[in-house]
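Below is the file my_file_29.txt, which contains compact mmCIF, C-alpha atoms.
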```txt
# COMPACT_ATOMS: atom_id res chain seq x y z
CA MET A 1 -4.65 12.77 -23.76
CA LEU A 2 -7.19 11.32 -21.32
CA ASN A 3 -10.84 10.60 -22.01
CA PRO A 4 -13.66 12.72 -20.54
CA GLN A 5 -15.39 9.40 -19.90
CA PRO A 6 -14.12 5.81 -20.16
CA GLN A 7 -14.58 4.39 -23.64
CA PRO A 8 -16.79 1.35 -24.37
CA GLY A 9 -15.20 -1.71 -22.85
CA ALA A 10 -13.94 -0.01 -19.68
CA ASN A 11 -16.95 -1.24 -17.76
CA GLU A 12 -17.00 -4.75 -19.16
CA PRO A 13 -16.71 -7.64 -16.67
CA SER A 14 -13.18 -7.76 -15.31
CA PRO A 15 -10.86 -10.54 -16.51
CA LYS A 16 -10.57 -13.60 -14.29
CA PHE A 17 -7.05 -14.13 -13.00
CA ALA A 18 -5.52 -16.32 -10.32
CA ARG A 19 -2.87 -15.66 -7.68
CA GLY A 20 0.53 -16.68 -9.08
CA GLN A 21 -0.56 -16.27 -12.69
CA TRP A 22 1.61 -14.43 -15.20
CA VAL A 23 0.00 -11.37 -16.76
CA ARG A 24 1.11 -8.60 -19.09
CA VAL A 25 0.34 -4.93 -18.48
CA LYS A 26 -1.62 -3.61 -21.44
CA PRO A 27 -0.07 -1.05 -23.82
CA TRP A 28 -0.60 2.53 -22.75
CA GLU A 29 -3.05 3.11 -25.62
CA GLN A 30 -5.42 0.48 -24.23
CA ILE A 31 -5.06 1.65 -20.64
CA GLN A 32 -5.75 5.21 -21.72
CA GLN A 33 -9.15 4.11 -23.03
CA THR A 34 -10.17 2.95 -19.54
CA LEU A 35 -9.33 6.20 -17.73
CA ASP A 36 -11.69 9.07 -16.94
CA ARG A 37 -10.80 12.77 -16.91
CA ASN A 38 -9.07 12.24 -13.54
CA GLY A 39 -6.82 9.50 -14.89
CA SER A 40 -8.71 6.90 -12.85
CA LEU A 41 -10.72 3.74 -13.36
CA GLN A 42 -13.53 3.28 -10.86
CA GLY A 43 -11.81 5.81 -8.61
CA LEU A 44 -8.34 4.21 -8.68
CA PRO A 45 -5.67 6.36 -10.41
CA PHE A 46 -3.26 4.96 -12.95
CA MET A 47 -0.16 6.76 -11.70
CA PRO A 48 2.72 8.07 -13.83
CA GLU A 49 5.09 5.75 -11.91
CA MET A 50 3.20 2.86 -13.53
CA ALA A 51 3.48 4.06 -17.13
CA LYS A 52 7.01 2.67 -17.64
CA LEU A 53 5.64 -0.82 -16.90
CA CYS A 54 3.18 -0.85 -19.81
CA GLY A 55 3.75 -3.89 -22.00
CA MET A 56 5.77 -5.73 -19.36
CA ARG A 57 4.84 -9.04 -17.74
CA PHE A 58 4.73 -9.93 -14.07
CA ARG A 59 3.31 -12.50 -11.70
CA ILE A 60 0.23 -11.77 -9.56
CA VAL A 61 1.30 -11.75 -5.89
CA ARG A 62 -2.13 -11.31 -4.30
CA PHE A 63 -5.56 -9.81 -4.69
CA ALA A 64 -6.29 -6.60 -2.75
CA ASN A 65 -9.88 -7.36 -1.79
CA GLN A 66 -9.86 -5.18 1.34
CA VAL A 67 -7.70 -2.12 1.98
CA CYS A 68 -7.09 0.38 4.76
CA ALA A 69 -8.31 3.71 3.37
CA ASN A 70 -8.31 7.21 4.86
CA VAL A 71 -11.88 8.50 4.73
CA GLY A 72 -11.50 11.04 7.52
CA THR A 73 -10.39 8.19 9.74
CA VAL A 74 -8.66 5.02 8.57
CA LYS A 75 -11.22 2.32 7.84
CA ILE A 76 -11.02 -1.07 6.17
CA ARG A 77 -13.02 -0.96 2.95
CA LYS A 78 -13.87 -3.26 0.06
CA LEU A 79 -11.94 -3.01 -3.21
CA ALA A 80 -12.93 -4.83 -6.39
CA ASP A 81 -10.88 -6.27 -9.26
CA VAL A 82 -7.49 -5.11 -7.97
CA VAL A 83 -4.26 -7.11 -7.72
CA VAL A 84 -0.67 -6.56 -6.60
CA LEU A 85 2.07 -7.64 -9.01
CA LYS A 86 5.61 -8.78 -8.29
CA VAL A 87 7.19 -5.45 -9.18
CA ASP A 88 9.15 -2.79 -7.33
CA ARG A 89 7.22 -0.56 -4.96
CA CYS A 90 6.32 3.00 -5.91
CA ASP A 91 9.43 5.19 -5.83
CA GLY A 92 7.50 8.47 -5.57
CA GLN A 93 9.31 9.90 -8.61
CA PHE A 94 6.31 11.99 -9.67
CA HIS A 95 4.97 12.57 -6.15
CA GLY A 96 7.61 14.79 -4.58
CA GLY A 97 9.96 11.89 -3.84
CA CYS A 98 7.53 10.32 -1.35
CA GLU A 99 9.29 7.44 0.43
CA MET A 100 6.19 5.63 1.66
CA GLY A 101 7.04 2.74 -0.69
CA CYS A 102 3.48 1.62 -1.40
CA ASP A 103 2.78 -1.47 -3.47
CA LEU A 104 1.27 -0.45 -6.81
CA LEU A 105 -2.37 -1.50 -7.23
CA TRP A 106 -3.54 -2.75 -10.63
CA LYS A 107 -7.11 -2.96 -11.87
CA THR A 108 -7.51 -6.26 -13.68
CA GLN A 109 -8.85 -4.29 -16.66
CA TRP A 110 -5.28 -3.00 -17.14
CA LEU A 111 -3.90 -6.52 -17.56
CA ASN A 112 -3.94 -9.36 -20.06
CA ALA A 113 -3.21 -13.02 -19.43
CA ASP A 114 0.26 -13.74 -20.81
CA ASP A 115 -0.12 -16.87 -22.92
CA GLN A 116 3.62 -16.84 -23.67
CA THR A 117 4.38 -17.79 -20.06
CA ILE A 118 2.13 -20.84 -19.73
CA GLU A 119 5.14 -23.15 -20.02
CA ASN A 120 7.05 -21.00 -17.51
CA GLN A 121 4.19 -21.27 -15.01
CA GLN A 122 4.56 -25.03 -15.08
CA THR A 123 8.34 -25.00 -14.68
CA GLU A 124 8.52 -22.03 -12.28
CA GLU A 125 11.01 -20.42 -14.66
CA GLU A 126 10.66 -16.66 -14.51
CA PRO A 127 10.43 -15.11 -17.99
CA GLU A 128 12.30 -11.95 -18.77
CA SER A 129 10.24 -8.76 -18.40
CA SER A 130 10.79 -6.40 -21.30
CA ASN A 131 9.02 -3.20 -22.27
CA GLU A 132 8.02 -3.41 -25.91
CA HIS A 133 5.71 -0.38 -25.82
CA GLU A 134 7.28 3.07 -25.50
CA VAL A 135 5.00 5.36 -23.49
CA ASN A 136 3.63 8.38 -25.30
CA PRO A 137 5.14 11.55 -23.74
CA ASP A 138 1.79 13.37 -23.86
CA PHE A 139 0.08 10.51 -22.01
CA LEU A 140 2.78 10.55 -19.32
CA ALA A 141 2.58 14.34 -19.06
CA SER A 142 -1.17 14.11 -18.54
CA LEU A 143 -0.72 11.63 -15.71
CA VAL A 144 1.96 13.79 -14.10
CA GLN A 145 -0.27 16.85 -14.28
CA LEU A 146 -3.09 14.97 -12.54
CA SER A 147 -0.73 13.83 -9.77
CA SER A 148 -0.55 17.21 -8.07
CA VAL A 149 -2.94 20.02 -7.29
CA ALA A 150 -2.33 23.48 -5.88
CA ASN A 151 -3.92 24.26 -2.53
CA ASP A 152 -5.19 27.81 -2.98
CA ASP A 153 -7.43 28.02 0.08
CA VAL A 154 -7.90 31.63 1.14
CA GLY A 155 -5.92 32.47 4.25
CA LYS A 156 -3.69 29.41 3.97
CA GLU A 157 -0.15 29.08 2.73
CA ALA A 158 -0.06 27.94 -0.90
CA LYS A 159 1.05 24.32 -1.04
CA THR A 160 1.25 21.58 -3.61
CA CYS A 161 -0.78 18.53 -2.66
CA PHE A 162 -0.51 15.20 -4.41
CA ARG A 163 -3.01 12.69 -5.77
CA CYS A 164 -2.00 9.05 -5.74
CA GLN A 165 -3.58 5.68 -5.21
CA ALA A 166 -3.19 6.04 -1.44
CA THR A 167 -5.00 9.37 -1.26
CA GLU A 168 -7.82 8.15 -3.53
CA LEU A 169 -8.50 4.76 -1.95
CA GLY A 170 -11.62 6.09 -0.26
CA ALA A 171 -13.14 6.96 -3.63
CA ALA A 172 -12.02 3.66 -5.15
CA SER A 173 -13.44 1.47 -2.36
CA ARG A 174 -16.75 0.79 -0.66
CA GLN A 175 -17.84 0.45 2.93
CA SER A 176 -18.14 -3.12 4.19
CA SER A 177 -18.83 -4.62 7.60
CA ALA A 178 -16.29 -6.94 9.20
CA PHE A 179 -19.14 -9.44 9.65
CA ASN A 180 -20.16 -9.52 5.99
CA LEU A 181 -19.15 -13.12 5.34
CA GLN A 182 -19.20 -12.77 1.54
CA GLN A 183 -15.86 -10.93 1.61
CA TYR A 184 -14.16 -13.87 3.33
CA ARG A 185 -15.41 -16.27 0.67
CA VAL A 186 -13.78 -14.01 -1.94
CA GLU A 187 -10.59 -13.81 0.15
CA ARG A 188 -10.42 -17.59 0.41
CA GLU A 189 -11.07 -18.13 -3.29
CA THR A 190 -8.60 -15.50 -4.56
CA ASN A 191 -5.77 -15.52 -1.97
CA GLY A 192 -6.20 -18.99 -0.51
CA THR A 193 -6.63 -17.67 3.04
CA SER A 194 -7.49 -20.62 5.28
CA ILE A 195 -10.81 -21.00 7.06
CA SER A 196 -8.95 -21.27 10.37
CA ARG A 197 -7.30 -17.87 9.86
CA ILE A 198 -10.59 -16.30 8.87
CA GLY A 199 -12.28 -17.82 11.90
CA ALA A 200 -9.52 -16.61 14.22
CA PHE A 201 -9.82 -13.10 12.85
CA LEU A 202 -13.60 -13.01 13.29
CA ALA A 203 -13.30 -14.34 16.85
CA SER A 204 -10.68 -11.74 17.82
CA THR A 205 -12.71 -8.96 16.18
CA LEU A 206 -15.82 -9.96 18.09
CA LEU A 207 -13.85 -10.12 21.35
CA ARG A 208 -12.40 -6.63 20.85
CA LYS A 209 -15.86 -5.31 20.10
CA VAL A 210 -17.30 -6.84 23.28
CA MET A 211 -14.34 -5.62 25.36
CA LYS A 212 -14.46 -2.22 23.62
CA GLN A 213 -10.79 -2.43 22.70
CA ASP A 214 -9.45 -0.49 19.72
CA GLY A 215 -6.12 -2.29 19.43
CA SER A 216 -4.07 0.71 20.54
CA CYS A 217 -1.04 0.16 22.73
CA GLU A 218 -1.19 2.74 25.52
CA GLY A 219 2.11 4.15 26.75
CA PRO A 220 2.99 6.37 29.73
CA CYS A 221 4.64 9.32 27.98
CA ARG A 222 3.30 12.85 27.71
CA ARG A 223 6.26 13.79 25.52
CA THR A 224 7.78 10.77 23.84
CA PRO A 225 11.56 10.24 23.68
CA VAL A 226 13.72 10.10 20.57
CA SER A 227 17.02 8.42 19.82
CA HIS A 228 19.56 9.08 17.08
CA LEU A 229 21.56 5.99 16.16
CA GLY A 230 22.72 7.38 12.83
CA LEU A 231 21.48 4.30 11.02
CA ALA A 232 22.23 3.72 7.34
CA VAL A 233 21.00 1.15 4.84
CA GLY A 234 22.68 -2.18 5.56
CA ASP A 235 23.17 -1.60 9.29
CA LYS A 236 22.28 -4.48 11.62
CA VAL A 237 19.91 -3.70 14.48
CA ARG A 238 18.00 -5.50 17.18
CA ILE A 239 14.38 -4.58 17.79
CA LYS A 240 13.81 -3.87 21.47
CA SER A 241 11.40 -5.87 23.59
CA PHE A 242 7.73 -4.98 23.45
CA GLU A 243 7.85 -3.79 27.06
CA ASP A 244 10.73 -1.39 26.30
CA ILE A 245 8.95 -0.03 23.23
CA VAL A 246 5.75 0.63 25.21
CA LYS A 247 7.80 2.89 27.52
CA THR A 248 8.43 5.20 24.54
CA LEU A 249 4.74 5.62 23.57
CA ASP A 250 2.02 8.07 24.52
CA ALA A 251 -1.59 7.32 25.44
CA GLN A 252 -2.49 6.85 21.75
CA GLY A 253 0.29 4.31 21.23
CA CYS A 254 2.44 6.75 19.24
CA ASN A 255 6.01 8.00 19.36
CA ARG A 256 6.20 11.56 18.00
CA GLY A 257 3.06 10.90 15.97
CA LEU A 258 4.12 7.50 14.58
CA TRP A 259 1.81 4.69 15.68
CA PHE A 260 3.25 1.42 16.91
CA ASP A 261 0.96 -1.24 15.42
CA GLU A 262 1.00 -3.80 18.21
CA ALA A 263 -0.88 -6.51 16.32
CA GLU A 264 1.43 -6.37 13.28
CA MET A 265 4.77 -5.18 14.72
CA ARG A 266 4.97 -6.89 18.11
CA PRO A 267 5.88 -10.29 16.56
CA PHE A 268 9.17 -8.71 15.37
CA CYS A 269 10.20 -7.57 18.85
CA GLY A 270 13.51 -9.07 20.00
CA GLN A 271 14.57 -10.01 16.47
CA THR A 272 17.74 -8.92 14.69
CA SER A 273 17.21 -7.26 11.33
CA THR A 274 18.83 -5.08 8.65
CA VAL A 275 17.98 -1.51 7.67
CA SER A 276 16.67 -1.57 4.08
CA ARG A 277 15.26 1.96 3.76
CA GLN A 278 15.38 5.36 5.40
CA ILE A 279 12.12 7.29 5.58
CA THR A 280 12.27 11.09 5.71
CA ARG A 281 9.22 12.24 3.71
CA ILE A 282 5.80 10.77 3.02
CA ILE A 283 2.46 11.89 1.60
CA ASP A 284 -0.33 12.43 4.11
CA GLU A 285 -3.08 10.15 2.77
CA GLY A 286 -5.79 12.39 4.20
CA THR A 287 -4.63 15.71 2.73
CA GLY A 288 -2.17 14.81 -0.02
CA GLU A 289 0.43 17.08 1.57
CA LEU A 290 4.08 15.99 1.41
CA LEU A 291 5.38 15.78 4.97
CA ASN A 292 9.03 16.00 5.96
CA LEU A 293 9.44 13.84 9.05
CA LYS A 294 11.02 15.68 11.96
CA VAL A 295 12.05 12.33 13.42
CA PRO A 296 13.15 10.04 10.56
CA SER A 297 12.29 6.34 10.59
CA VAL A 298 13.70 3.24 8.97
CA VAL A 299 12.34 0.10 7.31
CA LEU A 300 13.82 -3.24 8.33
CA ASN A 301 14.23 -6.05 5.78
CA GLU A 302 11.25 -4.67 3.87
CA THR A 303 8.98 -5.86 6.71
CA GLN A 304 5.37 -5.20 5.85
CA CYS A 305 1.89 -5.46 7.29
CA SER A 306 0.51 -8.97 6.87
CA GLY A 307 -3.08 -7.77 6.95
CA LEU A 308 -4.03 -10.68 9.22
CA SER A 309 -5.28 -8.28 11.89
CA ARG A 310 -6.70 -5.77 9.38
CA ARG A 311 -9.37 -7.91 7.74
CA PHE A 312 -6.68 -9.24 5.36
CA CYS A 313 -5.89 -5.79 3.96
CA GLY A 314 -4.00 -6.29 0.69
CA ARG A 315 -1.90 -3.11 0.67
CA GLY A 316 1.18 -4.70 2.27
CA MET A 317 2.32 -1.41 3.81
CA LEU A 318 5.89 -1.21 5.05
CA HIS A 319 6.48 -1.00 8.81
CA PHE A 320 8.22 2.21 9.90
CA TRP A 321 10.51 1.88 12.94
CA ARG A 322 11.66 4.74 15.14
CA GLU A 323 15.33 4.50 16.10
CA VAL A 324 14.31 4.69 19.76
CA TRP A 325 12.68 1.27 19.28
CA LEU A 326 16.00 -0.20 18.05
CA GLU A 327 19.54 -0.81 19.20
CA ARG A 328 22.62 -1.60 17.16
CA ALA A 329 23.35 -5.30 16.93
CA GLU A 330 26.85 -6.45 17.83
```
Whole structure, structure tokens version:
Amino acid sequence: MLNPQPQPGANEPSPKFARGQWVRVKPWEQIQQTLDRNGSLQGLPFMPEMAKLCGMRFRIVRFANQVCANVGTVKIRKLADVVVLKVDRCDGQFHGGCEMGCDLLWKTQWLNADDQTIENQQTEEEPESSNEHEVNPDFLASLVQLSSVANDDVGKEAKTCFRCQATELGAASRQSSAFNLQQYRVERETNGTSISRIGAFLASTLLRKVMKQDGSCEGPCRRTPVSHLGLAVGDKVRIKSFEDIVKTLDAQGCNRGLWFDEAEMRPFCGQTSTVSRQITRIIDEGTGELLNLKVPSVVLNETQCSGLSRRFCGRGMLHFWREVWLERAE
């Protein structure tokens, strides 16, 4: 059901959209014409979790101009013609029940401007999203088949590995230097990021480079501690102080392999929050393997990475919190 090569029109100039604009996801027949034999457009997969949204309309939340991508190591790379819509995060339905909760990424070639919502854009009234295009079962089956591959390496245990947008971001993006100023012009024009924020980021990046700092938060532990609070969705917790959290980290700034992102997560220290998700299994972006976490984590109030310290990365990844970093709130 997928094309060996994208059909004419797939490589035409991408549509011009604006942040906050209403758009409609194209019918599956039109999206199918843009996909190659891997179910991707310019390296970015159209995932089966997205198929049910064909024909529906949503507002553009932001442009994902830069993204953190695993290319052996995690690097910030340039992405073109990709937006995030105001829609539920990926539920991992066709990827082993992965609970990473990534924002879905949409190539602008998969979208049309929704002329029916022009009046709503002016009044801020949110139009009803309805799916008028039933997805072809064969098209969905093709996408599902492309979402997993068998690892048949000789001498290794046979495992199913998954393909998703997160695992393929390296192929969908390009290398770009932090000091390539063109990317910040695009960021300002598409997402409205202020010059002062861009300047502050460049200054801090230059300082870290001079001081040879990698942003890791070094802790004292050789074997990091764990805590079991028995948290459930809806529970109130208080995030411990930064100093107390550092005491639970190893020299790489991790607790049982989970990195504490000081730049993005430290601002939440000391705050009271609510458990919104439990995280027990995720896909390894480097290998595609589904990992069952030995030490489960939680998400608080859907807190996510702002990207302000990651060259304005547009992925909006959820923060994962170890229970040892939290305490129950009275």
(message) With distances taken over only C-alpha atoms, which residue among A:Leu181, A:Met100, A:Leu35, A:Ile198 lies nearest Val299 of chain A?
(response) A:Met100
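Nearest residue to Leu85 of chain A among A:Gly253, A:Gly286, A:Gly316, A:Gly234 is A:Gly316, counting all atoms listed in the file.
Distance-wise, atom CA of Gly55 of chain A and atom CA of Asn112 of chain A end up 9.6 Å apart.
Shortest atom-to-atom contact with Cys313 of chain A among A:Val84, A:Ile60, A:Val23, A:Leu140: A:Val84, counting only C-alpha atoms.
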(request) Have a look at atom CA of Cys102 of chain A and atom CA of Pro45 of chain A and let me know their distance in Å, one decimal. (result) 13.7 Å
(request) Rank nothing, just name the residue among A:Leu291, A:Ala171, A:Val87, A:Cys164 nearest to Met56 of chain A, using all atoms listed in the file. (result) A:Val87
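Across A:Cys161, A:Val233, A:Leu169, A:Ile31, the tightest approach to Cys54 of chain A is made by A:Ile31 when counting all atoms listed in the file.
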(request) With a distance cut-off of 12 Å and all atoms listed in the file, select the neighbouring residues of Thr280 of chain A, excluding the residue or stretch itself and same-chain residues fewer than 2 positions from it, and output the selection as a list in words. (result) Gly96, Gly97, Cys98, Glu99, Met100, Gly101, Arg277, Gln278, Ile282, Ile283, Leu290, Leu291, Asn292, Leu293, Lys294, Val295, Pro296, Ser297, Val298, Val299, Phe320, Trp321 and Arg322 of chain A
(request) List the neighbours of Glu285 of chain A out to 10 Å using only C-alpha atoms; skip same-chain residues closer than 2 positions along the sequence, and give me the result as a PyMOL selection string. (result) chain A and resi 69-72+74+162-170+282-283+287-290
(message) When you look at Arg62 of chain A with a cut-off of 10 Å (counting only C-alpha atoms), what residues show up, excluding the ones that are within fewer than 4 positions of it in the same chain? I need them as a PyMOL selection string.
(response) chain A and resi 18-21+82-86+187+190-192+314-316
List as a PDB file with C-alpha atoms, in the coordinates of the input the residues having at least one atom at most 7 Å from position (11.9, -7.7, 16.6) as given in the file, counting all atoms listed in the file.
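Final output, saved to out-v2.pdb:
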```
ATOM      1  CA  ARG A 238      18.000  -5.500  17.180  1.00  0.00           C
ATOM      2  CA  ILE A 239      14.380  -4.580  17.790  1.00  0.00           C
ATOM      3  CA  LYS A 240      13.810  -3.870  21.470  1.00  0.00           C
ATOM      4  CA  PRO A 267       5.880 -10.290  16.560  1.00  0.00           C
ATOM      5  CA  PHE A 268       9.170  -8.710  15.370  1.00  0.00           C
ATOM      6  CA  CYS A 269      10.200  -7.570  18.850  1.00  0.00           C
ATOM      7  CA  GLY A 270      13.510  -9.070  20.000  1.00  0.00           C
ATOM      8  CA  GLN A 271      14.570 -10.010  16.470  1.00  0.00           C
ATOM      9  CA  THR A 272      17.740  -8.920  14.690  1.00  0.00           C
TER      10      THR A 272
END
```
(request) Could you check how far atom CA of Arg208 of chain A sits from atom CA of Thr224 of chain A, in Å to one decimal? (result) 26.8 Å
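Candidate residues A:Gln109, A:Thr248, A:Ser204, A:Asn136 were compared for distance to Arg222 of chain A, and the nearest is A:Thr248, using all atoms listed in the file.
Using all atoms listed in the file, the protein and nucleic acid residues lying no more than 9 Å from Arg256 of chain A, apart from those fewer than 2 places from it along its own chain, are Arg223, Thr224, Pro225, Val226, Leu249, Asp250, Cys254, Leu258, Trp259, Lys294 and Val295 of chain A.
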(message) Excluding segment 24-29 of chain A and its own-chain neighbours fewer than 4 positions away, which residues fall within 7 Å of it when counting all atoms listed in the file? Please give them as an NGL selection string.
(response) :A and (33 or 53-58 or 110-114 or 133 or 135)
Kindly save the residues from that selection, with C-alpha atoms included, as a PDB file, in the frame of the given file.
```pdb
ATOM      1  CA  GLN A  33      -9.150   4.110 -23.030  1.00  0.00           C
ATOM      2  CA  LEU A  53       5.640  -0.820 -16.900  1.00  0.00           C
ATOM      3  CA  CYS A  54       3.180  -0.850 -19.810  1.00  0.00           C
ATOM      4  CA  GLY A  55       3.750  -3.890 -22.000  1.00  0.00           C
ATOM      5  CA  MET A  56       5.770  -5.730 -19.360  1.00  0.00           C
ATOM      6  CA  ARG A  57       4.840  -9.040 -17.740  1.00  0.00           C
ATOM      7  CA  PHE A  58       4.730  -9.930 -14.070  1.00  0.00           C
ATOM      8  CA  TRP A 110      -5.280  -3.000 -17.140  1.00  0.00           C
ATOM      9  CA  LEU A 111      -3.900  -6.520 -17.560  1.00  0.00           C
ATOM     10  CA  ASN A 112      -3.940  -9.360 -20.060  1.00  0.00           C
ATOM     11  CA  ALA A 113      -3.210 -13.020 -19.430  1.00  0.00           C
ATOM     12  CA  ASP A 114       0.260 -13.740 -20.810  1.00  0.00           C
ATOM     13  CA  HIS A 133       5.710  -0.380 -25.820  1.00  0.00           C
ATOM     14  CA  VAL A 135       5.000   5.360 -23.490  1.00  0.00           C
TER      15      VAL A 135
END
```
